[in-house]
file model_36.txt (compact mmCIF, C-alpha atoms and all ligand atoms)
# COMPACT_ATOMS: atom_id res chain seq x y z
CA MET F 140 0.00 0.00 0.00
CA ARG F 141 1.18 3.48 -0.87
CA LYS F 142 2.10 5.54 2.19
CA GLY F 143 1.56 9.23 2.50
CA LYS F 144 1.16 12.24 4.68
CA ILE F 145 -0.40 15.67 4.46
CA LYS F 146 0.67 19.06 5.71
CA ILE F 147 -2.06 21.53 6.65
CA ASP F 148 -1.27 25.23 6.45
CA GLU F 149 -2.92 26.13 9.75
CA ASN F 150 -3.44 29.81 9.03
CA ARG F 151 -5.20 28.99 5.74
CA CYS F 152 -7.61 26.42 7.18
CA LYS F 153 -11.06 27.91 7.87
CA GLY F 154 -12.42 24.73 9.48
CA CYS F 155 -15.04 24.23 6.75
CA LYS F 156 -14.76 20.45 7.31
CA LEU F 157 -15.18 19.56 3.62
CA CYS F 158 -12.00 17.46 3.76
CA ILE F 159 -13.18 15.25 6.64
CA PRO F 160 -15.77 13.09 4.78
CA GLU F 161 -13.51 13.06 1.72
CA CYS F 162 -10.75 11.13 3.54
CA LYS F 163 -11.66 7.46 3.17
CA VAL F 164 -9.20 6.34 5.86
CA ASP F 165 -10.32 8.82 8.52
CA GLU F 166 -7.01 10.61 8.85
CA ILE F 167 -8.45 14.13 9.31
CA ARG F 168 -10.44 15.41 12.27
CA MET F 169 -11.31 18.70 13.94
CA SER F 170 -8.63 19.82 16.37
CA THR F 171 -9.04 21.85 19.53
CA LYS F 172 -6.78 24.53 18.06
CA SER F 173 -7.69 27.91 16.61
CA ASN F 174 -5.53 29.72 14.05
CA LYS F 175 -4.55 33.38 14.09
CA TYR F 176 -7.84 34.36 12.46
CA GLY F 177 -9.82 32.54 15.14
CA TYR F 178 -10.92 29.61 12.99
CA ASN F 179 -11.16 26.23 14.68
CA ILE F 180 -9.05 24.10 12.35
CA VAL F 181 -8.65 20.47 11.29
CA GLU F 182 -5.65 18.28 12.02
CA PHE F 183 -3.91 15.29 10.43
CA ARG F 184 -4.10 12.29 12.74
CA ALA F 185 -0.88 10.72 11.39
CA ALA F 186 -2.26 7.26 12.18
CA ASN F 187 -0.19 5.68 9.41
CA ARG F 188 -3.26 5.13 7.22
CA CYS F 189 -2.82 7.97 4.72
CA ASN F 190 -2.23 6.61 1.20
CA ALA F 191 -1.60 9.97 -0.45
CA CYS F 192 -4.80 9.80 -2.53
CA THR F 193 -4.94 13.68 -2.61
CA LEU F 194 -8.74 13.83 -2.29
CA CYS F 195 -8.52 16.14 0.75
CA ALA F 196 -6.31 18.55 -1.17
CA ILE F 197 -8.63 18.47 -4.19
CA VAL F 198 -11.64 19.54 -2.08
CA CYS F 199 -9.82 22.03 0.16
CA PRO F 200 -11.17 25.41 -1.01
CA GLU F 201 -8.22 27.26 0.52
CA ALA F 202 -5.42 25.20 -1.11
CA ALA F 203 -4.24 24.71 2.47
CA ILE F 204 -3.32 21.02 2.18
CA GLU F 205 -0.13 19.64 0.67
CA VAL F 206 0.13 15.91 0.00
CA PHE F 207 3.31 13.84 0.02
CA GLU F 208 3.97 10.26 -0.93
CA LEU F 209 6.49 8.60 1.38
CA LEU F 210 9.07 6.60 -0.55
CA GLU F 211 11.50 3.95 0.70
CA ASP F 212 15.03 5.35 0.50
CA ASP F 213 16.09 3.06 -2.37
CA LYS F 214 13.16 4.14 -4.60
CA MET J 286 12.30 8.20 3.96
CA LYS J 287 12.04 10.40 0.86
CA GLU J 288 9.00 12.52 0.15
CA LYS J 289 7.40 13.11 -3.23
CA VAL J 290 5.04 16.07 -3.52
CA LEU J 291 1.70 14.96 -4.99
CA TYR J 292 -0.26 18.15 -4.38
CA LYS J 293 0.95 21.61 -3.60
CA ARG J 294 -0.51 25.10 -3.70
CA PRO J 295 -0.58 26.44 -7.28
CA VAL J 296 1.98 29.12 -8.18
CA ALA J 297 -0.77 31.18 -9.83
CA LEU J 298 -2.36 31.77 -6.41
CA SER J 299 -0.96 34.67 -4.42
CA GLU J 300 -0.02 34.33 -0.76
CA LYS J 301 -3.09 36.27 0.32
CA PRO J 302 -5.82 34.17 2.03
CA PHE J 303 -9.18 34.21 0.23
CA SER J 304 -11.74 36.63 1.67
CA TYR J 305 -14.52 34.10 1.04
CA CYS J 306 -16.53 32.43 3.80
CA PRO J 307 -15.45 28.95 4.96
CA GLY J 308 -16.31 26.29 2.37
CA CYS J 309 -17.45 28.76 -0.33
CA THR J 310 -17.27 27.48 -3.93
CA HIS J 311 -15.67 30.77 -5.00
CA SER J 312 -12.45 29.63 -3.29
CA THR J 313 -12.53 26.19 -4.92
CA ILE J 314 -12.96 27.67 -8.40
CA HIS J 315 -10.22 30.28 -7.83
CA LYS J 316 -7.93 27.41 -6.91
CA LEU J 317 -8.89 25.37 -10.02
CA ILE J 318 -8.32 28.34 -12.32
CA ALA J 319 -4.87 28.81 -10.76
CA GLU J 320 -4.03 25.10 -11.23
CA ILE J 321 -5.10 25.30 -14.88
CA VAL J 322 -3.09 28.47 -15.52
CA ASP J 323 -0.04 26.70 -14.04
CA GLU J 324 -0.61 23.53 -16.07
CA LEU J 325 -1.05 25.42 -19.35
CA GLY J 326 1.96 27.62 -18.58
CA ILE J 327 0.00 30.80 -19.39
CA ARG J 328 0.52 32.86 -16.23
CA GLU J 329 2.35 35.62 -18.11
CA LYS J 330 -0.41 36.00 -20.68
CA THR J 331 -3.60 35.45 -18.71
CA ILE J 332 -5.88 38.40 -17.90
CA GLY J 333 -8.93 37.95 -15.68
CA VAL J 334 -11.86 40.33 -15.39
CA ALA J 335 -13.43 40.31 -11.93
CA PRO J 336 -17.08 41.09 -11.19
CA VAL J 337 -18.90 43.08 -8.58
CA GLY J 338 -19.94 40.62 -5.90
CA CYS J 339 -18.04 38.51 -3.40
CA ALA J 340 -15.30 37.99 -6.02
CA VAL J 341 -14.68 41.73 -6.31
CA PHE J 342 -11.20 41.30 -4.80
CA ALA J 343 -10.23 38.42 -7.10
CA TYR J 344 -7.21 40.43 -8.30
CA ASP J 345 -5.68 40.01 -4.86
CA PHE J 346 -5.75 36.24 -4.98
CA TRP J 347 -4.26 35.37 -8.36
CA ASN J 348 -0.66 35.83 -9.43
CA PHE J 349 -1.56 37.09 -12.89
CA ASP J 350 -3.16 40.24 -14.24
CA VAL J 351 -6.76 40.83 -13.22
CA THR J 352 -8.83 43.92 -13.72
CA GLU J 353 -12.16 44.93 -12.28
CA ALA J 354 -15.28 45.81 -14.24
CA ALA J 355 -18.40 47.73 -13.30
CA HIS J 356 -21.29 45.53 -12.17
CA GLY J 357 -22.25 43.13 -14.99
CA ARG J 358 -19.86 44.62 -17.55
CA ALA J 359 -17.05 42.06 -17.26
CA PRO J 360 -17.75 40.40 -20.65
CA VAL J 361 -17.45 43.70 -22.54
CA VAL J 362 -14.27 44.70 -20.69
CA ALA J 363 -12.95 41.23 -21.55
CA THR J 364 -14.02 41.78 -25.18
CA ALA J 365 -12.00 45.00 -25.37
CA ILE J 366 -8.89 43.42 -23.81
CA LYS J 367 -9.04 40.39 -26.10
CA ARG J 368 -9.59 42.45 -29.25
CA ILE J 369 -6.64 44.71 -28.46
CA MET J 370 -4.39 41.84 -27.36
CA PRO J 371 -5.61 38.69 -29.11
CA GLU J 372 -2.52 36.78 -27.97
CA LYS J 373 -3.66 37.03 -24.31
CA VAL J 374 -5.87 34.47 -22.59
CA VAL J 375 -8.80 36.48 -21.26
CA PHE J 376 -11.61 35.33 -19.00
CA SER J 377 -14.44 36.92 -17.09
CA TYR J 378 -15.44 35.56 -13.71
CA GLN J 379 -18.98 36.49 -12.65
CA GLY J 380 -21.69 35.72 -10.12
CA ASP J 381 -25.33 35.23 -11.00
CA GLY J 382 -26.38 38.69 -9.83
CA ASP J 383 -23.60 40.17 -11.91
CA LEU J 384 -24.08 38.04 -15.03
CA ALA J 385 -27.81 37.20 -15.11
CA SER J 386 -29.30 40.36 -13.63
CA ILE J 387 -27.55 43.70 -14.17
CA GLY J 388 -25.21 42.16 -16.78
CA MET J 389 -27.79 40.24 -18.81
CA ALA J 390 -27.40 42.41 -21.91
CA GLU J 391 -23.60 42.24 -21.85
CA ILE J 392 -23.37 38.46 -21.58
CA ILE J 393 -25.95 37.86 -24.31
CA HIS J 394 -24.36 40.22 -26.81
CA THR J 395 -20.83 39.07 -26.02
CA ALA J 396 -21.90 35.46 -26.53
CA ASN J 397 -23.82 36.35 -29.67
CA ARG J 398 -20.81 38.12 -31.15
CA GLY J 399 -18.87 34.91 -30.57
CA GLU J 400 -15.97 36.65 -28.87
CA ASN J 401 -13.06 34.28 -28.35
CA LEU J 402 -13.35 34.44 -24.56
CA THR J 403 -13.82 32.18 -21.55
CA VAL J 404 -16.61 32.99 -19.10
CA ILE J 405 -16.75 31.41 -15.64
CA PHE J 406 -20.24 31.81 -14.18
CA ILE J 407 -20.66 31.23 -10.43
CA ASN J 408 -24.35 30.46 -9.90
CA ASN J 409 -25.14 30.41 -6.17
CA THR J 410 -28.82 31.40 -6.54
CA ASN J 411 -28.45 34.67 -4.66
CA TYR J 412 -26.59 37.95 -4.24
CA GLY J 413 -23.98 36.73 -1.78
CA MET J 414 -22.06 39.90 -1.13
CA THR J 415 -24.98 42.15 -0.31
CA GLY J 416 -26.74 39.76 2.05
CA GLY J 417 -28.46 36.99 0.10
CA GLN J 418 -31.11 38.81 -1.94
CA MET J 419 -33.12 37.00 -4.63
CA ALA J 420 -31.32 36.62 -7.97
CA PRO J 421 -32.69 35.69 -11.42
CA THR J 422 -31.41 32.17 -10.64
CA THR J 423 -33.18 31.81 -7.27
CA LEU J 424 -35.30 28.65 -7.38
CA ALA J 425 -39.10 28.76 -7.19
CA LYS J 426 -40.17 28.88 -3.52
CA GLN J 427 -36.57 29.44 -2.39
CA VAL J 428 -36.35 31.68 0.66
CA THR J 429 -33.97 34.65 0.38
CA THR J 430 -33.82 37.95 2.23
CA THR J 431 -36.00 39.58 -0.45
CA SER J 432 -38.30 36.55 -0.87
CA PRO J 433 -38.90 35.69 2.80
CA LEU J 434 -41.95 33.60 1.90
CA GLY J 435 -40.12 31.88 -0.96
CA ARG J 436 -39.77 33.04 -4.58
CA ASP J 437 -43.22 33.57 -5.99
CA VAL J 438 -42.96 32.88 -9.70
CA LYS J 439 -46.21 34.77 -10.34
CA THR J 440 -44.64 38.06 -9.30
CA SER J 441 -40.89 37.39 -9.70
CA GLY J 442 -40.87 35.11 -12.73
CA TYR J 443 -39.16 31.77 -13.09
CA PRO J 444 -35.49 31.09 -12.40
CA ILE J 445 -33.39 31.62 -15.52
CA ARG J 446 -31.21 28.80 -16.84
CA MET J 447 -28.41 30.90 -18.32
CA SER J 448 -26.65 28.00 -20.03
CA GLU J 449 -29.80 27.01 -21.90
CA LEU J 450 -30.56 30.65 -22.70
CA LEU J 451 -27.19 31.04 -24.47
CA LEU J 452 -27.43 27.66 -26.22
CA PRO J 453 -29.14 28.80 -29.47
CA LEU J 454 -26.77 31.72 -30.08
CA GLN J 455 -24.58 30.85 -33.06
CA GLY J 456 -21.52 32.59 -31.64
CA VAL J 457 -21.38 30.21 -28.71
CA LYS J 458 -19.13 27.16 -29.11
CA TYR J 459 -19.02 25.46 -25.73
CA ILE J 460 -21.33 25.45 -22.70
CA GLU J 461 -21.06 23.09 -19.76
CA ARG J 462 -22.79 23.13 -16.38
CA VAL J 463 -20.74 21.67 -13.54
CA LYS J 464 -20.63 21.61 -9.74
CA ALA J 465 -17.88 21.40 -7.14
CA THR J 466 -19.38 19.53 -4.22
CA ASP J 467 -16.90 16.67 -3.84
CA ALA J 468 -13.57 15.51 -5.24
CA ILE J 469 -15.07 13.77 -8.29
CA SER J 470 -17.20 16.74 -9.33
CA ILE J 471 -14.24 19.07 -8.74
CA ILE J 472 -12.04 16.94 -11.03
CA ARG J 473 -14.77 17.10 -13.72
CA THR J 474 -15.15 20.84 -13.25
CA LYS J 475 -11.43 21.34 -13.68
CA LYS J 476 -11.56 19.41 -16.93
CA ALA J 477 -14.41 21.59 -18.22
CA ILE J 478 -12.71 24.87 -17.25
CA LYS J 479 -9.46 23.68 -18.82
CA LYS J 480 -11.30 22.90 -22.05
CA ALA J 481 -12.87 26.36 -21.98
CA PHE J 482 -9.37 27.89 -21.74
CA MET J 483 -8.00 25.56 -24.44
CA ASN J 484 -10.88 26.53 -26.75
CA GLN J 485 -9.73 30.13 -26.53
CA ILE J 486 -6.07 29.23 -27.10
CA THR J 487 -6.94 27.14 -30.16
CA HIS J 488 -9.34 29.84 -31.49
CA VAL J 489 -12.49 27.71 -31.18
CA GLY J 490 -14.38 30.65 -29.68
CA PHE J 491 -16.77 31.63 -26.92
CA SER J 492 -16.91 29.14 -24.02
CA PHE J 493 -19.18 29.35 -21.00
CA ILE J 494 -18.86 27.31 -17.80
CA GLU J 495 -21.68 27.52 -15.27
CA VAL J 496 -20.64 26.30 -11.83
CA LEU J 497 -23.46 25.39 -9.46
CA SER J 498 -22.07 26.96 -6.31
CA ASN J 499 -22.93 27.13 -2.65
CA CYS J 500 -23.33 30.17 -0.44
CA PRO J 501 -23.22 28.63 3.03
CA THR J 502 -23.48 31.97 4.82
CA ASN J 503 -26.61 33.30 3.16
CA TRP J 504 -28.21 29.87 2.83
CA LYS J 505 -27.65 29.50 6.57
CA LYS J 506 -26.21 26.02 6.12
CA ASP J 507 -22.78 24.66 7.01
CA PRO J 508 -20.49 23.98 4.02
CA VAL J 509 -21.21 20.21 3.94
CA GLU J 510 -25.00 20.79 4.12
CA SER J 511 -24.84 23.53 1.50
CA ASN J 512 -23.05 21.21 -0.94
CA LYS J 513 -25.72 18.61 -0.30
CA TRP J 514 -28.35 21.21 -1.22
CA VAL J 515 -26.48 21.88 -4.48
CA ASP J 516 -26.43 18.14 -5.24
CA GLU J 517 -30.01 17.37 -4.28
CA THR J 518 -32.04 20.50 -4.96
CA MET J 519 -30.16 22.88 -7.20
CA ALA J 520 -28.88 20.24 -9.62
CA GLU J 521 -32.41 18.95 -10.08
CA PHE J 522 -33.47 22.23 -11.73
CA PHE J 523 -30.08 23.13 -13.22
CA GLN J 524 -29.06 19.87 -14.90
CA ILE J 525 -25.36 19.09 -14.83
CA GLY J 526 -23.65 18.27 -18.11
CA LYS J 527 -22.40 19.43 -21.47
CA ILE J 528 -24.97 21.67 -23.13
CA LYS J 529 -23.12 22.62 -26.33
CA ASP J 530 -19.79 21.59 -27.84
CA ILE J 531 -18.85 22.67 -31.36
CA GLN J 532 -15.21 22.24 -32.34
C1 LIG Y 1 -24.27 49.34 -10.20
C2 LIG Y 1 -24.36 48.58 -8.92
N1 LIG Y 1 -25.54 48.14 -8.50
C3 LIG Y 1 -25.64 47.42 -7.35
C4 LIG Y 1 -24.53 47.17 -6.61
C5 LIG Y 1 -24.66 46.37 -5.32
N2 LIG Y 1 -24.19 45.00 -5.44
C6 LIG Y 1 -22.96 44.65 -5.04
S1 LIG Y 1 -22.66 43.02 -5.22
C7 LIG Y 1 -24.22 42.74 -5.84
C8 LIG Y 1 -24.70 41.38 -6.25
C9 LIG Y 1 -23.66 40.32 -6.31
O1 LIG Y 1 -24.24 39.08 -6.47
P1 LIG Y 1 -23.63 37.95 -7.39
O2 LIG Y 1 -23.23 38.49 -8.71
O3 LIG Y 1 -24.60 36.82 -7.42
O4 LIG Y 1 -22.26 37.54 -6.69
P2 LIG Y 1 -21.95 36.81 -5.31
O5 LIG Y 1 -21.72 37.91 -4.32
O6 LIG Y 1 -23.13 35.94 -4.95
O7 LIG Y 1 -20.73 36.02 -5.60
C10 LIG Y 1 -24.93 43.92 -5.90
C11 LIG Y 1 -26.34 44.04 -6.36
C12 LIG Y 1 -23.28 47.65 -7.08
N3 LIG Y 1 -22.15 47.42 -6.43
N4 LIG Y 1 -23.21 48.35 -8.23
S1 LIG Y 2 -21.44 35.39 1.06
FE1 LIG Y 2 -21.79 33.45 0.02
S2 LIG Y 2 -20.85 33.70 -2.02
FE2 LIG Y 2 -20.03 35.31 -0.69
S3 LIG Y 2 -18.08 34.48 0.12
FE3 LIG Y 2 -19.72 34.06 1.62
S4 LIG Y 2 -20.46 32.00 1.12
FE4 LIG Y 2 -19.29 32.76 -0.66

call {"tool": "encode", "arguments": {"input": "model_36.txt", "output": "structure tokens"}}
result
Amino acid sequence: MRKGKIKIDENRCKGCKLCIPECKVDEIRMSTKSNKYGYNIVEFRAANRCNACTLCAIVCPEAAIEVFELLEDDK
Amino acid sequence: MKEKVLYKRPVALSEKPFSYCPGCTHSTIHKLIAEIVDELGIREKTIGVAPVGCAVFAYDFWNFDVTEAAHGRAPVVATAIKRIMPEKVVFSYQGDGDLASIGMAEIIHTANRGENLTVIFINNTNYGMTGGQMAPTTLAKQVTTTSPLGRDVKTSGYPIRMSELLLPLQGVKYIERVKATDAISIIRTKKAIKKAFMNQITHVGFSFIEVLSNCPTNWKKDPVESNKWVDETMAEFFQIGKIKDIQ
């Protein structure tokens, strides 16, 4: 299985939650944090289930999510 | 462990955060346009024309030239720019109040002249910026701030399907109605907008993309619920799909 991770730009997230149902492996949830604009934002759970499908980034209206595939060192 | 970037913020977006409400389709479509401009490598020759409405500050969010037009006049400003500089890629970006109400004459005549332009039409069934008033696209019985009992078609007329209205005009080459409520529909929308830009670059002619959009704030729904309303209610009246395609 492909492995991946996402990076959320916290000050761009507006907590719209559109990414949450889009993640089929439940790697995104609301956090208890607020960003500098006062928005309650989402967080990446980093539960080792992300497969870098990019669906969260495709739906993120703010272009706040970057997606990375994790490669073994010899690849 | 090495990392390969699979998605990153498009270069054609500026650093400035969007002024749009959380989950608003305006943001999604701004992002798609930026991705397309990057992919086509046309950032140095793209010129956008922004509307009056929530997207009035669009020039702040894109890293290419954008000018502002008076309410509803974006297609004629775009016409002038394109005629003077035919080598540029010119698009207007307009809401439904802007395009279908005050700008009805401009869009019809621009389409009828078959200007080689791309028009992105954000249909969210109301005037978002000014507080959710009824628009020509407001559905029958839909509650807005100026139709508190629901749109009464006897006094306010029926909602206008702009894509179908432009269909018979001979100058029009491509019309598609899309939505952006989930990843799959966003991927399809990107394809349609990209084709509308390509049509201009390859001199096919006037292309019109209608995006069924949400307005969570004025609809008083959260972003997920508002997208569901687009899918279930709006898309029933405004049918998704290709309406015209002449190559
Ligand atoms: C000539 C003129 N008339 C009226 C207004 C007020 N006004 C500002 S935005 C707007 C409607 C915008 O609605 P829409 O085009 O649907 O865009 P949205 O805000 O929903 O994206 C109106 C009537 C104006 N700015 N200029
Ligand atoms: S008022 Fe509506 S259209 Fe305007 S930014 Fe907010 S959600 Fe979007």

call {"tool": "atom_distance", "arguments": {"input": "model_36.txt", "atom1": "atom CA of Asp165 of chain F", "atom2": "atom CA of Glu208 of chain F"}}
result
17.2 Å

call {"tool": "closest_residue", "arguments": {"input": "model_36.txt", "among": "J:Gly357, J:Gly526, J:Gly456, J:Gly308", "to": "ligand LIG 2 (chain Y)", "atoms": "all atoms listed in the file"}}
result
J:Gly308

call {"tool": "residues_near_ligand", "arguments": {"input": "model_36.txt", "ligand": "ligand LIG 2 (chain Y)", "cutoff": "10 Å", "atoms": "all atoms listed in the file", "output": "ChimeraX atom specification"}}
result
/J:303-312,338-340,380,407-417,498-508,511

call {"tool": "axis_aligned_box", "arguments": {"input": "model_36.txt", "around": "ligand LIG 1 (chain Y)", "padding_each_side": "8 Å", "output": "JSON"}}
result
{"center_x": -23.5, "center_y": 42.6, "center_z": -7.3, "size_x": 21.6, "size_y": 29.4, "size_z": 21.9}

call {"tool": "atom_distance", "arguments": {"input": "model_36.txt", "atom1": "atom CA of Val404 of chain J", "atom2": "atom CA of Ile204 of chain F"}}
result
27.8 Å

call {"tool": "interface_residues", "arguments": {"input": "model_36.txt", "of": "chain F", "to": "chain J", "cutoff": "7 Å", "atoms": "only C-alpha atoms", "output": "list of chain:residue names"}}
result
F:Arg151, F:Lys153, F:Gly154, F:Cys155, F:Leu157, F:Thr193, F:Leu194, F:Ala196, F:Ile197, F:Val198, F:Pro200, F:Glu201, F:Ala202, F:Glu205, F:Val206, F:Phe207, F:Glu208, F:Leu209, F:Leu210, F:Glu211, F:Asp212

call {"tool": "closest_residue", "arguments": {"input": "model_36.txt", "among": "J:Leu451, J:Lys426, J:Ala319, J:Ala343", "to": "Ala390 of chain J", "atoms": "all atoms listed in the file"}}
result
J:Leu451

call {"tool": "atom_distance", "arguments": {"input": "model_36.txt", "atom1": "atom CA of Ile321 of chain J", "atom2": "atom CA of Lys527 of chain J"}}
result
19.4 Å

call {"tool": "residues_around", "arguments": {"input": "model_36.txt", "residues": "segment 172-175 of chain F", "least_positions_apart": "3", "cutoff": "12 Å", "atoms": "all atoms listed in the file", "output": "list in words"}}
result
Ile147, Asp148, Glu149, Asn150, Arg151, Cys152, Lys153, Gly154, Arg168, Met169, Tyr178, Asn179, Ile180, Val181 and Glu182 of chain F

call {"tool": "closest_residue", "arguments": {"input": "model_36.txt", "among": "F:Ala185, F:Cys195, F:Met140, F:Ile145", "to": "Cys158 of chain F", "atoms": "only C-alpha atoms"}}
result
F:Cys195

call {"tool": "residues_around", "arguments": {"input": "model_36.txt", "residues": "Ala477 of chain J", "least_positions_apart": "5", "cutoff": "8 Å", "atoms": "all atoms listed in the file", "output": "list in words"}}
result
Glu461, Val463 and Ile494 of chain J

call {"tool": "residues_around", "arguments": {"input": "model_36.txt", "residues": "Glu400 of chain J", "least_positions_apart": "2", "cutoff": "8 Å", "atoms": "only C-alpha atoms", "output": "list in words"}}
result
Thr364, Thr395, Ala396, Asn397, Arg398, Leu402, Gly456, Gly490 and Phe491 of chain J

call {"tool": "closest_residue", "arguments": {"input": "model_36.txt", "among": "J:Thr518, J:Gln485, J:Gln455, J:Thr423", "to": "ligand LIG 1 (chain Y)", "atoms": "all atoms listed in the file"}}
result
J:Thr423

call {"tool": "closest_residue", "arguments": {"input": "model_36.txt", "among": "J:Ile405, J:Val334, J:Ile387, J:Leu434", "to": "ligand LIG 1 (chain Y)", "atoms": "only C-alpha atoms and all ligand atoms"}}
result
J:Ile387

call {"tool": "residues_around", "arguments": {"input": "model_36.txt", "residues": "Gln532 of chain J", "least_positions_apart": "6", "cutoff": "10 Å", "atoms": "only C-alpha atoms", "output": "list in words"}}
result
Lys458, Tyr459, Asn484, Thr487, His488, Val489 and Gly490 of chain J

call {"tool": "residues_near_point", "arguments": {"input": "model_36.txt", "point": "(-6.2, 11.7, 15.2)", "cutoff": "7 Å", "atoms": "all atoms listed in the file", "output": "mmCIF file with C-alpha atoms, in the frame of the given file"}}
result
data_model
loop_
_atom_site.group_PDB
_atom_site.id
_atom_site.type_symbol
_atom_site.label_atom_id
_atom_site.label_comp_id
_atom_site.auth_asym_id
_atom_site.auth_seq_id
_atom_site.Cartn_x
_atom_site.Cartn_y
_atom_site.Cartn_z
ATOM 1 C CA GLU F 166 -7.010 10.610 8.850
ATOM 2 C CA ILE F 167 -8.450 14.130 9.310
ATOM 3 C CA ARG F 168 -10.440 15.410 12.270
ATOM 4 C CA PHE F 183 -3.910 15.290 10.430
ATOM 5 C CA ARG F 184 -4.100 12.290 12.740
ATOM 6 C CA ALA F 185 -0.880 10.720 11.390
ATOM 7 C CA ALA F 186 -2.260 7.260 12.180
#

call {"tool": "decode", "arguments": {"input": "model_36.txt", "residues": "segment 175-195 of chain F", "atoms": "N, CA and C atoms", "output": "PDB file, in the first residue's frame"}}
result
ATOM      1  N   LYS F 175      -4.661  31.954  13.709  1.00  0.00           N
ATOM      2  CA  LYS F 175      -4.547  33.379  14.085  1.00  0.00           C
ATOM      3  C   LYS F 175      -5.771  34.205  13.699  1.00  0.00           C
ATOM      4  N   TYR F 176      -6.608  33.647  12.808  1.00  0.00           N
ATOM      5  CA  TYR F 176      -7.837  34.365  12.457  1.00  0.00           C
ATOM      6  C   TYR F 176      -9.013  33.943  13.340  1.00  0.00           C
ATOM      7  N   GLY F 177      -8.763  32.989  14.243  1.00  0.00           N
ATOM      8  CA  GLY F 177      -9.821  32.537  15.144  1.00  0.00           C
ATOM      9  C   GLY F 177     -10.616  31.341  14.643  1.00  0.00           C
ATOM     10  N   TYR F 178     -10.211  30.797  13.480  1.00  0.00           N
ATOM     11  CA  TYR F 178     -10.917  29.613  12.986  1.00  0.00           C
ATOM     12  C   TYR F 178     -10.478  28.364  13.732  1.00  0.00           C
ATOM     13  N   ASN F 179     -11.443  27.551  14.134  1.00  0.00           N
ATOM     14  CA  ASN F 179     -11.157  26.229  14.683  1.00  0.00           C
ATOM     15  C   ASN F 179     -10.781  25.337  13.496  1.00  0.00           C
ATOM     16  N   ILE F 180      -9.593  24.734  13.549  1.00  0.00           N
ATOM     17  CA  ILE F 180      -9.047  24.100  12.347  1.00  0.00           C
ATOM     18  C   ILE F 180      -8.973  22.579  12.460  1.00  0.00           C
ATOM     19  N   VAL F 181      -8.784  21.939  11.309  1.00  0.00           N
ATOM     20  CA  VAL F 181      -8.655  20.474  11.293  1.00  0.00           C
ATOM     21  C   VAL F 181      -7.209  20.075  11.558  1.00  0.00           C
ATOM     22  N   GLU F 182      -7.022  18.791  11.852  1.00  0.00           N
ATOM     23  CA  GLU F 182      -5.654  18.278  12.020  1.00  0.00           C
ATOM     24  C   GLU F 182      -5.509  16.908  11.363  1.00  0.00           C
ATOM     25  N   PHE F 183      -4.273  16.601  10.999  1.00  0.00           N
ATOM     26  CA  PHE F 183      -3.913  15.290  10.431  1.00  0.00           C
ATOM     27  C   PHE F 183      -3.636  14.362  11.603  1.00  0.00           C
ATOM     28  N   ARG F 184      -4.258  13.188  11.594  1.00  0.00           N
ATOM     29  CA  ARG F 184      -4.096  12.287  12.737  1.00  0.00           C
ATOM     30  C   ARG F 184      -2.755  11.554  12.718  1.00  0.00           C
ATOM     31  N   ALA F 185      -2.153  11.441  11.525  1.00  0.00           N
ATOM     32  CA  ALA F 185      -0.881  10.722  11.386  1.00  0.00           C
ATOM     33  C   ALA F 185      -0.972   9.321  12.001  1.00  0.00           C
ATOM     34  N   ALA F 186      -2.031   8.604  11.635  1.00  0.00           N
ATOM     35  CA  ALA F 186      -2.265   7.261  12.178  1.00  0.00           C
ATOM     36  C   ALA F 186      -1.728   6.190  11.236  1.00  0.00           C
ATOM     37  N   ASN F 187      -0.848   6.614  10.313  1.00  0.00           N
ATOM     38  CA  ASN F 187      -0.192   5.681   9.409  1.00  0.00           C
ATOM     39  C   ASN F 187      -1.147   5.045   8.397  1.00  0.00           C
ATOM     40  N   ARG F 188      -2.293   5.688   8.169  1.00  0.00           N
ATOM     41  CA  ARG F 188      -3.264   5.125   7.221  1.00  0.00           C
ATOM     42  C   ARG F 188      -3.307   5.921   5.923  1.00  0.00           C
ATOM     43  N   CYS F 189      -2.759   7.116   5.916  1.00  0.00           N
ATOM     44  CA  CYS F 189      -2.822   7.974   4.718  1.00  0.00           C
ATOM     45  C   CYS F 189      -2.131   7.269   3.556  1.00  0.00           C
ATOM     46  N   ASN F 190      -2.838   7.241   2.379  1.00  0.00           N
ATOM     47  CA  ASN F 190      -2.235   6.614   1.204  1.00  0.00           C
ATOM     48  C   ASN F 190      -1.969   7.643   0.100  1.00  0.00           C
ATOM     49  N   ALA F 191      -1.938   8.891   0.473  1.00  0.00           N
ATOM     50  CA  ALA F 191      -1.598   9.973  -0.454  1.00  0.00           C
ATOM     51  C   ALA F 191      -2.539  10.038  -1.659  1.00  0.00           C
ATOM     52  N   CYS F 192      -3.843   9.802  -1.412  1.00  0.00           N
ATOM     53  CA  CYS F 192      -4.797   9.804  -2.531  1.00  0.00           C
ATOM     54  C   CYS F 192      -5.070  11.220  -3.055  1.00  0.00           C
ATOM     55  N   THR F 193      -4.779  12.244  -2.282  1.00  0.00           N
ATOM     56  CA  THR F 193      -4.938  13.681  -2.605  1.00  0.00           C
ATOM     57  C   THR F 193      -6.388  14.206  -2.597  1.00  0.00           C
ATOM     58  N   LEU F 194      -7.345  13.361  -2.235  1.00  0.00           N
ATOM     59  CA  LEU F 194      -8.741  13.829  -2.285  1.00  0.00           C
ATOM     60  C   LEU F 194      -8.978  15.028  -1.363  1.00  0.00           C
ATOM     61  N   CYS F 195      -8.342  15.008  -0.184  1.00  0.00           N
ATOM     62  CA  CYS F 195      -8.523  16.141   0.753  1.00  0.00           C
ATOM     63  C   CYS F 195      -8.019  17.437   0.125  1.00  0.00           C
TER      64      CYS F 195
END
